[in-house]
>>> print(open('work_24.csv').read())   # CSV, C-alpha atoms
chain,number,residue,atom,x,y,z
A,194,MET,CA,0.0,0.0,0.0
A,195,ASP,CA,3.0,2.3,-0.5
A,196,ASN,CA,2.0,3.8,-3.8
A,197,PHE,CA,-1.3,5.6,-2.9
A,198,ILE,CA,-2.1,8.9,-1.4
A,199,LEU,CA,-5.3,10.1,0.5
A,200,PHE,CA,-6.5,13.6,0.2
A,201,ALA,CA,-9.4,15.1,2.1
A,202,GLY,CA,-11.6,18.0,1.1
A,203,THR,CA,-13.2,20.3,3.7
A,204,ALA,CA,-16.6,18.7,3.8
A,205,ASN,CA,-15.9,16.2,6.6
A,206,PRO,CA,-12.4,16.4,8.2
A,207,THR,CA,-13.4,14.2,11.1
A,208,LEU,CA,-14.3,11.3,8.9
A,209,ALA,CA,-11.1,11.8,6.9
A,210,LYS,CA,-9.0,11.6,10.0
A,211,ALA,CA,-10.8,8.5,11.1
A,212,ILE,CA,-10.2,6.8,7.8
A,213,ALA,CA,-6.5,7.7,7.8
A,214,GLN,CA,-6.2,6.3,11.3
A,215,GLU,CA,-7.8,3.0,10.2
A,216,LEU,CA,-5.3,2.8,7.3
A,217,HIS,CA,-2.4,3.8,9.5
A,218,VAL,CA,-1.4,6.5,7.0
A,219,PRO,CA,-1.2,10.3,7.2
A,220,LEU,CA,-3.6,12.5,5.2
A,221,ALA,CA,-1.8,14.1,2.3
A,222,ALA,CA,-1.1,17.8,2.7
A,223,SER,CA,-3.1,20.2,0.7
A,224,ILE,CA,-4.8,23.6,0.8
A,225,ALA,CA,-8.5,24.2,0.1
A,226,GLU,CA,-9.8,27.7,0.6
A,227,HIS,CA,-11.9,30.4,-1.0
A,228,PHE,CA,-11.0,33.7,-2.6
A,229,PRO,CA,-12.8,36.8,-1.4
A,230,ASP,CA,-15.3,36.5,-4.2
A,231,GLY,CA,-16.2,32.9,-3.3
A,232,GLU,CA,-14.1,31.0,-5.9
A,233,VAL,CA,-12.6,27.7,-4.7
A,234,ALA,CA,-8.8,27.5,-4.6
A,235,VAL,CA,-7.0,24.1,-4.2
A,236,GLU,CA,-3.3,23.3,-4.0
A,237,LEU,CA,-1.6,19.9,-3.6
A,238,LEU,CA,1.4,20.1,-1.3
A,239,GLU,CA,2.6,16.6,-2.0
A,240,SER,CA,3.6,14.9,-5.3
A,241,VAL,CA,1.0,12.5,-6.8
A,242,ARG,CA,3.1,11.6,-9.9
A,243,GLN,CA,2.3,8.0,-10.9
A,244,LYS,CA,0.4,7.4,-7.6
A,245,SER,CA,-3.1,6.1,-7.0
A,246,VAL,CA,-5.0,9.0,-5.5
A,247,PHE,CA,-8.1,8.8,-3.3
A,248,ILE,CA,-10.0,12.0,-2.7
A,249,LEU,CA,-12.5,12.0,0.2
A,250,GLN,CA,-15.3,14.6,-0.2
A,251,SER,CA,-19.0,14.4,0.5
A,252,THR,CA,-21.0,16.8,-1.5
A,253,SER,CA,-23.0,17.8,1.5
A,254,PRO,CA,-24.3,21.3,2.3
A,255,PRO,CA,-23.1,23.7,1.0
A,256,VAL,CA,-23.4,21.3,-1.9
A,257,ASN,CA,-22.1,23.5,-4.7
A,258,ASP,CA,-19.0,24.6,-2.8
A,259,HIS,CA,-18.1,21.0,-1.8
A,260,LEU,CA,-18.7,19.7,-5.4
A,261,VAL,CA,-16.5,22.3,-7.0
A,262,GLU,CA,-13.8,21.6,-4.4
A,263,LEU,CA,-13.9,17.9,-5.3
A,264,LEU,CA,-13.7,18.7,-9.0
A,265,ALA,CA,-10.7,21.0,-8.4
A,266,PHE,CA,-8.9,18.4,-6.4
A,267,ALA,CA,-9.4,15.8,-9.1
A,268,ASP,CA,-8.3,18.3,-11.8
A,269,ALA,CA,-5.2,19.1,-9.8
A,270,CYS,CA,-4.3,15.4,-9.4
A,271,ARG,CA,-4.9,14.7,-13.1
A,272,ARG,CA,-2.6,17.6,-14.2
A,273,ALA,CA,0.0,16.5,-11.7
A,274,ALA,CA,0.2,13.1,-13.4
A,275,ALA,CA,-1.6,10.9,-10.9
A,276,SER,CA,-1.9,7.3,-12.3
A,277,ARG,CA,-5.5,6.8,-11.0
A,278,ILE,CA,-8.0,9.0,-9.3
A,279,THR,CA,-10.7,7.6,-7.1
A,280,ALA,CA,-13.4,9.9,-5.7
A,281,ILE,CA,-14.8,8.7,-2.4
A,282,VAL,CA,-18.1,10.5,-2.1
A,283,PRO,CA,-19.8,9.2,1.1
A,284,TYR,CA,-22.8,11.4,0.5
A,285,PHE,CA,-23.6,12.0,-3.2
A,286,GLY,CA,-25.4,15.4,-3.6
A,287,TYR,CA,-27.9,16.0,-6.3
A,288,ALA,CA,-28.8,12.3,-6.2
A,289,ARG,CA,-32.5,13.1,-6.0
A,290,ALA,CA,-32.3,14.9,-9.3
A,291,ASP,CA,-32.1,11.6,-11.2
A,292,LYS,CA,-35.0,12.2,-13.6
A,293,ARG,CA,-37.1,15.0,-15.1
A,294,HIS,CA,-40.5,15.8,-13.7
A,295,GLY,CA,-41.2,18.2,-16.5
A,296,ARG,CA,-39.9,18.8,-20.0
A,297,CYS,CA,-37.8,21.9,-19.1
A,298,GLU,CA,-35.9,20.5,-16.1
A,299,PRO,CA,-32.3,19.2,-15.9
A,300,ILE,CA,-31.2,15.8,-14.8
A,301,THR,CA,-28.6,17.2,-12.4
A,302,ALA,CA,-27.3,13.9,-11.1
A,303,SER,CA,-26.3,13.0,-14.7
A,304,MET,CA,-24.6,16.4,-15.1
A,305,VAL,CA,-22.5,15.8,-11.9
A,306,ALA,CA,-21.5,12.4,-13.3
A,307,ASP,CA,-20.3,14.1,-16.5
A,308,LEU,CA,-18.3,16.7,-14.5
A,309,LEU,CA,-16.5,14.1,-12.4
A,310,GLN,CA,-15.5,12.2,-15.5
A,311,ALA,CA,-14.5,15.3,-17.4
A,312,VAL,CA,-11.9,16.3,-14.7
A,313,GLY,CA,-10.3,12.9,-14.7
A,314,VAL,CA,-12.0,10.8,-12.0
A,315,ASN,CA,-11.4,7.1,-12.9
A,316,HIS,CA,-13.6,5.5,-10.1
A,317,VAL,CA,-16.3,6.6,-7.8
A,318,VAL,CA,-17.2,5.1,-4.4
A,319,THR,CA,-20.3,6.2,-2.5
A,320,LEU,CA,-22.8,4.9,0.1
A,321,ASP,CA,-26.5,4.3,-0.3
A,322,LEU,CA,-27.2,6.2,-3.4
A,323,HIS,CA,-30.7,7.7,-3.4
A,324,THR,CA,-31.5,5.7,-6.6
A,325,PRO,CA,-29.4,2.9,-8.1
A,326,GLN,CA,-29.9,4.2,-11.6
A,327,ILE,CA,-27.4,7.0,-10.9
A,328,GLU,CA,-24.7,4.4,-11.6
A,329,GLY,CA,-25.9,4.4,-15.2
A,330,PHE,CA,-25.0,8.0,-15.6
A,331,PHE,CA,-21.3,7.1,-15.4
A,332,ARG,CA,-19.0,5.4,-18.0
A,333,ILE,CA,-16.5,4.6,-15.2
A,334,PRO,CA,-16.7,2.1,-12.4
A,335,VAL,CA,-19.1,3.1,-9.5
A,336,ASP,CA,-19.2,1.2,-6.3
A,337,SER,CA,-22.2,2.1,-4.1
A,338,LEU,CA,-21.7,0.5,-0.7
A,339,THR,CA,-24.3,0.3,2.0
A,340,ALA,CA,-24.2,1.4,5.6
A,341,VAL,CA,-26.9,-1.0,6.7
A,342,PRO,CA,-24.5,-3.6,8.3
A,343,SER,CA,-22.7,-0.8,10.2
A,344,LEU,CA,-25.9,0.7,11.5
A,345,HIS,CA,-27.4,-2.7,12.3
A,346,GLN,CA,-24.4,-3.5,14.5
A,347,THR,CA,-25.3,-0.6,16.8
A,348,LEU,CA,-29.1,-0.7,16.3
A,349,ARG,CA,-29.6,-4.3,17.3
A,350,HIS,CA,-28.7,-3.5,20.9
A,351,HIS,CA,-31.4,-0.8,21.2
A,352,LEU,CA,-34.4,-2.4,19.6
A,353,PRO,CA,-37.2,-4.5,21.2
A,354,PRO,CA,-37.5,-8.0,19.8
A,355,ASP,CA,-41.0,-7.4,18.2
A,356,VAL,CA,-39.9,-4.4,16.2
A,357,VAL,CA,-41.3,-4.0,12.7
A,358,VAL,CA,-39.2,-2.3,10.0
A,359,VAL,CA,-40.9,0.6,8.1
A,360,SER,CA,-40.0,1.9,4.7
A,361,PRO,CA,-41.3,5.5,4.4
A,362,ASP,CA,-41.9,5.1,0.7
A,363,THR,CA,-41.7,2.4,-2.1
A,364,GLY,CA,-38.1,3.5,-3.0
A,365,ARG,CA,-36.7,2.3,0.3
A,366,VAL,CA,-38.2,-1.2,0.3
A,367,GLN,CA,-35.0,-2.9,-0.6
A,368,MET,CA,-33.1,-1.1,2.2
A,369,ALA,CA,-35.9,-1.9,4.7
A,370,THR,CA,-35.8,-5.6,3.6
A,371,GLN,CA,-32.0,-5.7,4.3
A,372,TYR,CA,-32.7,-4.4,7.9
A,373,ALA,CA,-35.6,-6.8,8.3
A,374,GLN,CA,-33.5,-9.8,7.3
A,375,ARG,CA,-30.8,-8.9,9.8
A,376,LEU,CA,-33.4,-8.3,12.6
A,377,ASP,CA,-35.5,-11.3,11.7
A,378,SER,CA,-38.5,-9.0,11.3
A,379,SER,CA,-41.1,-7.9,8.8
A,380,VAL,CA,-41.5,-4.9,6.5
A,381,VAL,CA,-44.2,-2.3,6.4
A,382,VAL,CA,-44.4,0.1,3.5
A,383,LEU,CA,-45.9,3.6,3.5
A,384,HIS,CA,-47.2,4.9,0.3
A,385,LYS,CA,-46.9,8.7,-0.1
A,386,GLN,CA,-47.9,11.3,-2.5
A,387,ARG,CA,-45.6,14.3,-3.1
A,388,LYS,CA,-47.3,17.7,-3.0
A,389,SER,CA,-44.2,19.7,-3.7
A,390,SER,CA,-40.4,19.4,-3.7
A,391,SER,CA,-40.4,19.6,0.1
A,392,GLU,CA,-43.8,18.2,1.2
A,393,THR,CA,-45.3,14.8,1.0
A,394,GLU,CA,-48.4,13.1,2.4
A,395,VAL,CA,-48.8,9.4,3.5
A,396,THR,CA,-51.8,8.0,1.7
A,397,ARG,CA,-51.7,4.3,2.7
A,398,ILE,CA,-49.9,1.8,5.0
A,399,VAL,CA,-49.2,-1.7,3.7
A,400,GLY,CA,-48.7,-4.0,6.6
A,401,ASP,CA,-49.7,-4.2,10.3
A,402,VAL,CA,-48.2,-2.0,12.9
A,403,ARG,CA,-50.8,-2.2,15.6
A,404,ASP,CA,-49.3,-2.6,19.0
A,405,ARG,CA,-45.8,-2.9,17.5
A,406,PRO,CA,-42.7,-0.7,18.0
A,407,CYS,CA,-41.3,0.6,14.7
A,408,LEU,CA,-37.9,1.2,13.1
A,409,ILE,CA,-38.2,3.7,10.3
A,410,VAL,CA,-35.3,3.5,7.8
A,411,ASP,CA,-34.3,5.8,5.0
A,412,ASP,CA,-31.2,6.7,3.0
A,413,MET,CA,-31.2,10.3,4.1
A,414,ILE,CA,-32.9,12.8,6.4
A,415,SER,CA,-33.0,16.3,5.0
A,416,THR,CA,-35.7,18.5,6.4
A,417,GLY,CA,-37.3,15.6,8.4
A,418,GLY,CA,-40.7,16.2,6.8
A,419,THR,CA,-41.1,12.6,5.4
A,420,ILE,CA,-40.1,11.0,8.7
A,421,ASN,CA,-42.4,13.3,10.7
A,422,ARG,CA,-45.4,12.4,8.6
A,423,SER,CA,-44.4,8.8,8.8
A,424,ILE,CA,-44.4,8.9,12.6
A,425,GLU,CA,-47.9,10.4,12.6
A,426,ALA,CA,-49.2,7.9,10.2
A,427,LEU,CA,-47.8,5.0,12.2
A,428,LEU,CA,-49.2,6.3,15.5
A,429,ASN,CA,-52.6,6.8,13.8
A,430,ALA,CA,-52.5,3.2,12.7
A,431,GLY,CA,-52.0,2.0,16.2
A,432,ALA,CA,-48.2,1.6,16.4
A,433,ARG,CA,-46.7,1.7,19.9
A,434,PRO,CA,-45.2,5.1,20.8
A,435,GLU,CA,-41.7,3.5,20.6
A,436,ILE,CA,-40.2,4.6,17.3
A,437,THR,CA,-36.6,4.4,16.3
A,438,ILE,CA,-35.2,6.1,13.2
A,439,ALA,CA,-32.2,5.0,11.1
A,440,ALA,CA,-30.7,6.8,8.1
A,441,THR,CA,-27.4,6.7,6.3
A,442,HIS,CA,-27.1,10.4,5.6
A,443,GLY,CA,-28.1,12.9,8.3
A,444,LEU,CA,-28.3,16.3,6.6
A,445,PHE,CA,-30.7,17.9,9.2
A,446,VAL,CA,-31.4,21.1,7.3
A,447,LYS,CA,-33.9,23.8,8.3
A,448,ASP,CA,-36.0,22.6,11.3
A,449,ALA,CA,-35.3,18.9,10.9
A,450,ARG,CA,-34.4,18.4,14.6
A,451,ALA,CA,-37.7,20.0,15.7
A,452,LYS,CA,-39.7,17.7,13.5
A,453,LEU,CA,-37.9,14.6,14.8
A,454,THR,CA,-38.0,15.6,18.5
A,455,HIS,CA,-41.2,13.7,19.0
A,456,PRO,CA,-42.3,12.1,22.3
A,457,SER,CA,-42.6,8.8,20.5
A,458,VAL,CA,-39.1,8.8,19.0
A,459,GLN,CA,-36.6,6.9,21.2
A,460,ALA,CA,-33.5,7.5,19.1
A,461,VAL,CA,-32.2,8.7,15.7
A,462,PHE,CA,-29.3,6.8,14.2
A,463,VAL,CA,-27.2,8.2,11.3
A,464,THR,CA,-23.7,7.7,10.0
A,465,ASP,CA,-20.9,10.2,9.7
A,466,THR,CA,-21.0,10.5,5.9
A,467,VAL,CA,-22.1,14.0,6.6
A,468,LEU,CA,-20.3,16.0,9.3
A,469,PRO,CA,-22.8,16.0,12.3
A,470,LYS,CA,-23.8,19.5,13.3
A,471,GLU,CA,-26.1,18.6,16.1
A,472,THR,CA,-23.7,18.1,19.0
A,473,ASP,CA,-26.2,18.5,21.9
A,474,TRP,CA,-29.0,16.3,20.6
A,475,GLN,CA,-29.4,13.5,23.2
A,476,GLN,CA,-31.5,11.3,20.9
A,477,LEU,CA,-29.0,11.4,18.1
A,478,GLN,CA,-26.4,8.6,17.7
A,479,VAL,CA,-23.7,8.7,15.0
A,480,VAL,CA,-22.2,5.5,13.7
A,481,SER,CA,-18.9,5.8,11.8
A,482,VAL,CA,-18.4,4.4,8.4
A,483,ALA,CA,-14.6,5.0,8.5
A,484,PRO,CA,-13.9,1.2,9.0
A,485,LEU,CA,-16.0,0.4,5.9
A,486,ILE,CA,-14.3,3.0,3.7
A,487,ALA,CA,-10.9,2.1,4.9
A,488,ALA,CA,-11.6,-1.5,4.1
A,489,VAL,CA,-12.5,-0.5,0.5
A,490,ILE,CA,-9.3,1.5,0.0
A,491,ARG,CA,-7.2,-1.4,1.5
A,492,ARG,CA,-8.7,-3.9,-0.9
A,493,PHE,CA,-8.4,-1.7,-3.9
A,494,GLN,CA,-4.7,-1.4,-3.2
A,495,THR,CA,-4.3,-5.2,-2.8
A,496,ASN,CA,-6.6,-6.0,-5.8
A,497,GLY,CA,-8.9,-7.7,-3.4
A,498,SER,CA,-12.7,-8.2,-3.9
A,499,ILE,CA,-15.1,-5.8,-2.2
A,500,GLY,CA,-18.2,-7.9,-3.0
A,501,ASP,CA,-18.9,-8.7,0.6
A,502,LEU,CA,-18.9,-5.0,1.5
A,503,PHE,CA,-22.1,-4.3,-0.6
>>> encode(input="work_24.csv", output="structure tokens")
Amino acid sequence: MDNFILFAGTANPTLAKAIAQELHVPLAASIAEHFPDGEVAVELLESVRQKSVFILQSTSPPVNDHLVELLAFADACRRAAASRITAIVPYFGYARADKRHGRCEPITASMVADLLQAVGVNHVVTLDLHTPQIEGFFRIPVDSLTAVPSLHQTLRHHLPPDVVVVSPDTGRVQMATQYAQRLDSSVVVLHKQRKSSSETEVTRIVGDVRDRPCLIVDDMISTGGTINRSIEALLNAGARPEITIAATHGLFVKDARAKLTHPSVQAVFVTDTVLPKETDWQQLQVVSVAPLIAAVIRRFQTNGSIGDLF
């Protein structure tokens, strides 16, 4: 593993340090800053010539700043003659813009894929993409890992034995099934109707939650609106007021914390793909994906298989 180098953007320095510690390597020296007018400036302070480069950067809020920083890092590595550039993007921003809802809208996830390839990225590693079809926007290898095993290892010690796993919409059924198999439980699916880009309504519950504690799972929590409405729908259907929430990416924008601070919510579990901002939230528990990402880098460098990590 001598011929690789790990750079970290500014999106999540805590996760970057944890990954470096797992690998027993130092983070490569670099500078990432902004000019007074807001432009991103990146400088590599170590040689990458003929080296395999890994760039760690979630495109989390502020999404555009972190995305351009990632592009700048990759471009700098390409121009400095790196042999291979792997972008490790634990949280892939713009993933929800994977299709057009009207004729005059962009498919921004596809645009981001084109940008990453244009600056010289050879491989993308991410976790729990919002939709699997995003892989099809790339002409380079994409490995979308899952944080379900990592979250399950912590969750299983906090859940009652009769818990039922709840998918807040049809798009998360596969993820909910993975949790249910590990917990030896069943899956309940909520059908929702989207009223706007930030508002949804639960229209139907498929499955029985009466007198059962619930585990609501999702790939991300943004404003918390979907989870909030899911909680109300489950309680109205007779679920016990013992609800646990688990999501890979905890963005927690706007008033998400207020929406999730519900008397029926026992705990909220997320990973550190996004730098946690809520440091005084007693219900919030953060599970690190550093061991998972470090294992991927280690196997890439030894040409090992990563099939068991999916």
>>> closest_residue(input="work_24.csv", among="A:Thr495, A:Thr396, A:Thr437, A:Asn196", to="Arg242 of chain A", atoms="all atoms listed in the file")
A:Asn196
>>> atom_distance(input="work_24.csv", atom1="atom CA of Ala432 of chain A", atom2="atom CA of Val381 of chain A")
11.5 Å
>>> closest_residue(input="work_24.csv", among="A:Leu260, A:Ala265, A:Tyr372, A:Phe197", to="Ile224 of chain A", atoms="only C-alpha atoms")
A:Ala265
>>> atom_distance(input="work_24.csv", atom1="atom CA of Gly202 of chain A", atom2="atom CA of Asp268 of chain A")
13.3 Å
>>> closest_residue(input="work_24.csv", among="A:Lys244, A:His345, A:Arg397, A:Lys292", to="Arg375 of chain A", atoms="only C-alpha atoms")
A:His345
>>> closest_residue(input="work_24.csv", among="A:Leu453, A:Leu216, A:Ala211, A:Met368", to="Thr419 of chain A", atoms="all atoms listed in the file")
A:Leu453
>>> residues_around(input="work_24.csv", residues="Ala204 of chain A", least_positions_apart="4", cutoff="7 Å", atoms="all atoms listed in the file", output="PyMOL selection string")
chain A and resi 250-251+253+259
>>> residues_around(input="work_24.csv", residues="Ile424 of chain A", least_positions_apart="6", cutoff="9 Å", atoms="all atoms listed in the file", output="list in words")
Ile409, Ile436, Leu453, His455, Ser457 and Val458 of chain A
>>> residues_around(input="work_24.csv", residues="Ala451 of chain A", least_positions_apart="2", cutoff="12 Å", atoms="only C-alpha atoms", output="list in words")
Thr416, Gly417, Gly418, Ile420, Asn421, Phe445, Val446, Lys447, Asp448, Ala449, Leu453, Thr454, His455, Pro456, Val458, Glu471, Trp474 and Gln476 of chain A
>>> closest_residue(input="work_24.csv", among="A:Leu338, A:Val482, A:Ala222, A:Ala290", to="Leu320 of chain A", atoms="only C-alpha atoms")
A:Leu338
>>> atom_distance(input="work_24.csv", atom1="atom CA of Glu328 of chain A", atom2="atom CA of Ala306 of chain A")
8.8 Å
>>> build_atoms(input="work_24.csv", residues="segment 264-299 of chain A", atoms="N, CA and C atoms", output="PDB file, in the frame of the given file")
ATOM      1  N   LEU A 264     -14.112  18.650  -7.619  1.00  0.00           N
ATOM      2  CA  LEU A 264     -13.700  18.700  -9.000  1.00  0.00           C
ATOM      3  C   LEU A 264     -12.305  19.352  -9.128  1.00  0.00           C
ATOM      4  N   ALA A 265     -12.045  20.384  -8.326  1.00  0.00           N
ATOM      5  CA  ALA A 265     -10.700  21.000  -8.400  1.00  0.00           C
ATOM      6  C   ALA A 265      -9.635  20.106  -7.889  1.00  0.00           C
ATOM      7  N   PHE A 266      -9.891  19.337  -6.846  1.00  0.00           N
ATOM      8  CA  PHE A 266      -8.900  18.400  -6.400  1.00  0.00           C
ATOM      9  C   PHE A 266      -8.591  17.347  -7.472  1.00  0.00           C
ATOM     10  N   ALA A 267      -9.635  16.815  -8.102  1.00  0.00           N
ATOM     11  CA  ALA A 267      -9.400  15.800  -9.100  1.00  0.00           C
ATOM     12  C   ALA A 267      -8.654  16.396 -10.316  1.00  0.00           C
ATOM     13  N   ASP A 268      -8.991  17.616 -10.716  1.00  0.00           N
ATOM     14  CA  ASP A 268      -8.300  18.300 -11.800  1.00  0.00           C
ATOM     15  C   ASP A 268      -6.830  18.492 -11.505  1.00  0.00           C
ATOM     16  N   ALA A 269      -6.571  18.907 -10.267  1.00  0.00           N
ATOM     17  CA  ALA A 269      -5.200  19.100  -9.800  1.00  0.00           C
ATOM     18  C   ALA A 269      -4.397  17.827  -9.878  1.00  0.00           C
ATOM     19  N   CYS A 270      -5.008  16.734  -9.441  1.00  0.00           N
ATOM     20  CA  CYS A 270      -4.300  15.400  -9.400  1.00  0.00           C
ATOM     21  C   CYS A 270      -4.067  14.952 -10.870  1.00  0.00           C
ATOM     22  N   ARG A 271      -5.040  15.148 -11.747  1.00  0.00           N
ATOM     23  CA  ARG A 271      -4.900  14.700 -13.100  1.00  0.00           C
ATOM     24  C   ARG A 271      -3.709  15.509 -13.794  1.00  0.00           C
ATOM     25  N   ARG A 272      -3.670  16.812 -13.571  1.00  0.00           N
ATOM     26  CA  ARG A 272      -2.600  17.600 -14.200  1.00  0.00           C
ATOM     27  C   ARG A 272      -1.258  17.379 -13.564  1.00  0.00           C
ATOM     28  N   ALA A 273      -1.251  16.816 -12.342  1.00  0.00           N
ATOM     29  CA  ALA A 273       0.000  16.500 -11.700  1.00  0.00           C
ATOM     30  C   ALA A 273       0.441  15.044 -11.942  1.00  0.00           C
ATOM     31  N   ALA A 274      -0.204  14.391 -12.938  1.00  0.00           N
ATOM     32  CA  ALA A 274       0.200  13.100 -13.400  1.00  0.00           C
ATOM     33  C   ALA A 274      -0.078  11.926 -12.462  1.00  0.00           C
ATOM     34  N   ALA A 275      -1.182  12.006 -11.707  1.00  0.00           N
ATOM     35  CA  ALA A 275      -1.600  10.900 -10.900  1.00  0.00           C
ATOM     36  C   ALA A 275      -1.931   9.693 -11.821  1.00  0.00           C
ATOM     37  N   SER A 276      -1.623   8.483 -11.402  1.00  0.00           N
ATOM     38  CA  SER A 276      -1.900   7.300 -12.300  1.00  0.00           C
ATOM     39  C   SER A 276      -3.356   6.933 -12.258  1.00  0.00           C
ATOM     40  N   ARG A 277      -4.043   7.174 -11.144  1.00  0.00           N
ATOM     41  CA  ARG A 277      -5.500   6.800 -11.000  1.00  0.00           C
ATOM     42  C   ARG A 277      -6.096   7.673  -9.955  1.00  0.00           C
ATOM     43  N   ILE A 278      -7.308   8.147 -10.221  1.00  0.00           N
ATOM     44  CA  ILE A 278      -8.000   9.000  -9.300  1.00  0.00           C
ATOM     45  C   ILE A 278      -9.328   8.377  -8.896  1.00  0.00           C
ATOM     46  N   THR A 279      -9.479   8.102  -7.608  1.00  0.00           N
ATOM     47  CA  THR A 279     -10.700   7.600  -7.100  1.00  0.00           C
ATOM     48  C   THR A 279     -11.384   8.603  -6.195  1.00  0.00           C
ATOM     49  N   ALA A 280     -12.600   8.971  -6.529  1.00  0.00           N
ATOM     50  CA  ALA A 280     -13.400   9.900  -5.700  1.00  0.00           C
ATOM     51  C   ALA A 280     -14.227   9.128  -4.740  1.00  0.00           C
ATOM     52  N   ILE A 281     -13.964   9.303  -3.465  1.00  0.00           N
ATOM     53  CA  ILE A 281     -14.800   8.700  -2.400  1.00  0.00           C
ATOM     54  C   ILE A 281     -15.774   9.734  -1.957  1.00  0.00           C
ATOM     55  N   VAL A 282     -17.029   9.561  -2.333  1.00  0.00           N
ATOM     56  CA  VAL A 282     -18.100  10.500  -2.100  1.00  0.00           C
ATOM     57  C   VAL A 282     -19.112   9.888  -1.151  1.00  0.00           C
ATOM     58  N   PRO A 283     -18.868   9.883   0.163  1.00  0.00           N
ATOM     59  CA  PRO A 283     -19.800   9.200   1.100  1.00  0.00           C
ATOM     60  C   PRO A 283     -21.238   9.590   0.894  1.00  0.00           C
ATOM     61  N   TYR A 284     -21.468  10.904   0.760  1.00  0.00           N
ATOM     62  CA  TYR A 284     -22.800  11.400   0.500  1.00  0.00           C
ATOM     63  C   TYR A 284     -22.777  12.050  -0.908  1.00  0.00           C
ATOM     64  N   PHE A 285     -23.569  11.538  -1.850  1.00  0.00           N
ATOM     65  CA  PHE A 285     -23.600  12.000  -3.200  1.00  0.00           C
ATOM     66  C   PHE A 285     -24.727  13.032  -3.384  1.00  0.00           C
ATOM     67  N   GLY A 286     -24.373  14.316  -3.393  1.00  0.00           N
ATOM     68  CA  GLY A 286     -25.400  15.400  -3.600  1.00  0.00           C
ATOM     69  C   GLY A 286     -26.002  15.318  -4.953  1.00  0.00           C
ATOM     70  N   TYR A 287     -27.155  15.925  -5.086  1.00  0.00           N
ATOM     71  CA  TYR A 287     -27.900  16.000  -6.300  1.00  0.00           C
ATOM     72  C   TYR A 287     -28.470  14.587  -6.718  1.00  0.00           C
ATOM     73  N   ALA A 288     -28.374  13.611  -5.828  1.00  0.00           N
ATOM     74  CA  ALA A 288     -28.800  12.300  -6.200  1.00  0.00           C
ATOM     75  C   ALA A 288     -30.347  12.202  -6.374  1.00  0.00           C
ATOM     76  N   ARG A 289     -31.086  13.133  -5.788  1.00  0.00           N
ATOM     77  CA  ARG A 289     -32.500  13.100  -6.000  1.00  0.00           C
ATOM     78  C   ARG A 289     -32.958  13.687  -7.326  1.00  0.00           C
ATOM     79  N   ALA A 290     -32.028  14.373  -7.997  1.00  0.00           N
ATOM     80  CA  ALA A 290     -32.300  14.900  -9.300  1.00  0.00           C
ATOM     81  C   ALA A 290     -31.908  13.924 -10.388  1.00  0.00           C
ATOM     82  N   ASP A 291     -32.523  12.743 -10.340  1.00  0.00           N
ATOM     83  CA  ASP A 291     -32.100  11.600 -11.200  1.00  0.00           C
ATOM     84  C   ASP A 291     -33.055  11.470 -12.414  1.00  0.00           C
ATOM     85  N   LYS A 292     -34.070  12.298 -12.521  1.00  0.00           N
ATOM     86  CA  LYS A 292     -35.000  12.200 -13.600  1.00  0.00           C
ATOM     87  C   LYS A 292     -35.731  13.556 -13.770  1.00  0.00           C
ATOM     88  N   ARG A 293     -36.381  13.740 -14.910  1.00  0.00           N
ATOM     89  CA  ARG A 293     -37.100  15.000 -15.100  1.00  0.00           C
ATOM     90  C   ARG A 293     -38.590  14.779 -14.729  1.00  0.00           C
ATOM     91  N   HIS A 294     -39.116  15.756 -14.025  1.00  0.00           N
ATOM     92  CA  HIS A 294     -40.500  15.800 -13.700  1.00  0.00           C
ATOM     93  C   HIS A 294     -41.317  16.623 -14.705  1.00  0.00           C
ATOM     94  N   GLY A 295     -40.589  17.413 -15.477  1.00  0.00           N
ATOM     95  CA  GLY A 295     -41.200  18.200 -16.500  1.00  0.00           C
ATOM     96  C   GLY A 295     -40.217  18.332 -17.674  1.00  0.00           C
ATOM     97  N   ARG A 296     -40.679  18.790 -18.818  1.00  0.00           N
ATOM     98  CA  ARG A 296     -39.900  18.800 -20.000  1.00  0.00           C
ATOM     99  C   ARG A 296     -38.709  19.801 -19.946  1.00  0.00           C
ATOM    100  N   CYS A 297     -38.835  20.803 -19.117  1.00  0.00           N
ATOM    101  CA  CYS A 297     -37.800  21.900 -19.100  1.00  0.00           C
ATOM    102  C   CYS A 297     -36.993  21.829 -17.805  1.00  0.00           C
ATOM    103  N   GLU A 298     -36.671  20.627 -17.329  1.00  0.00           N
ATOM    104  CA  GLU A 298     -35.900  20.500 -16.100  1.00  0.00           C
ATOM    105  C   GLU A 298     -34.596  19.683 -16.454  1.00  0.00           C
ATOM    106  N   PRO A 299     -33.509  19.960 -15.725  1.00  0.00           N
ATOM    107  CA  PRO A 299     -32.300  19.200 -15.900  1.00  0.00           C
ATOM    108  C   PRO A 299     -32.305  17.877 -15.188  1.00  0.00           C
TER     109      PRO A 299
END
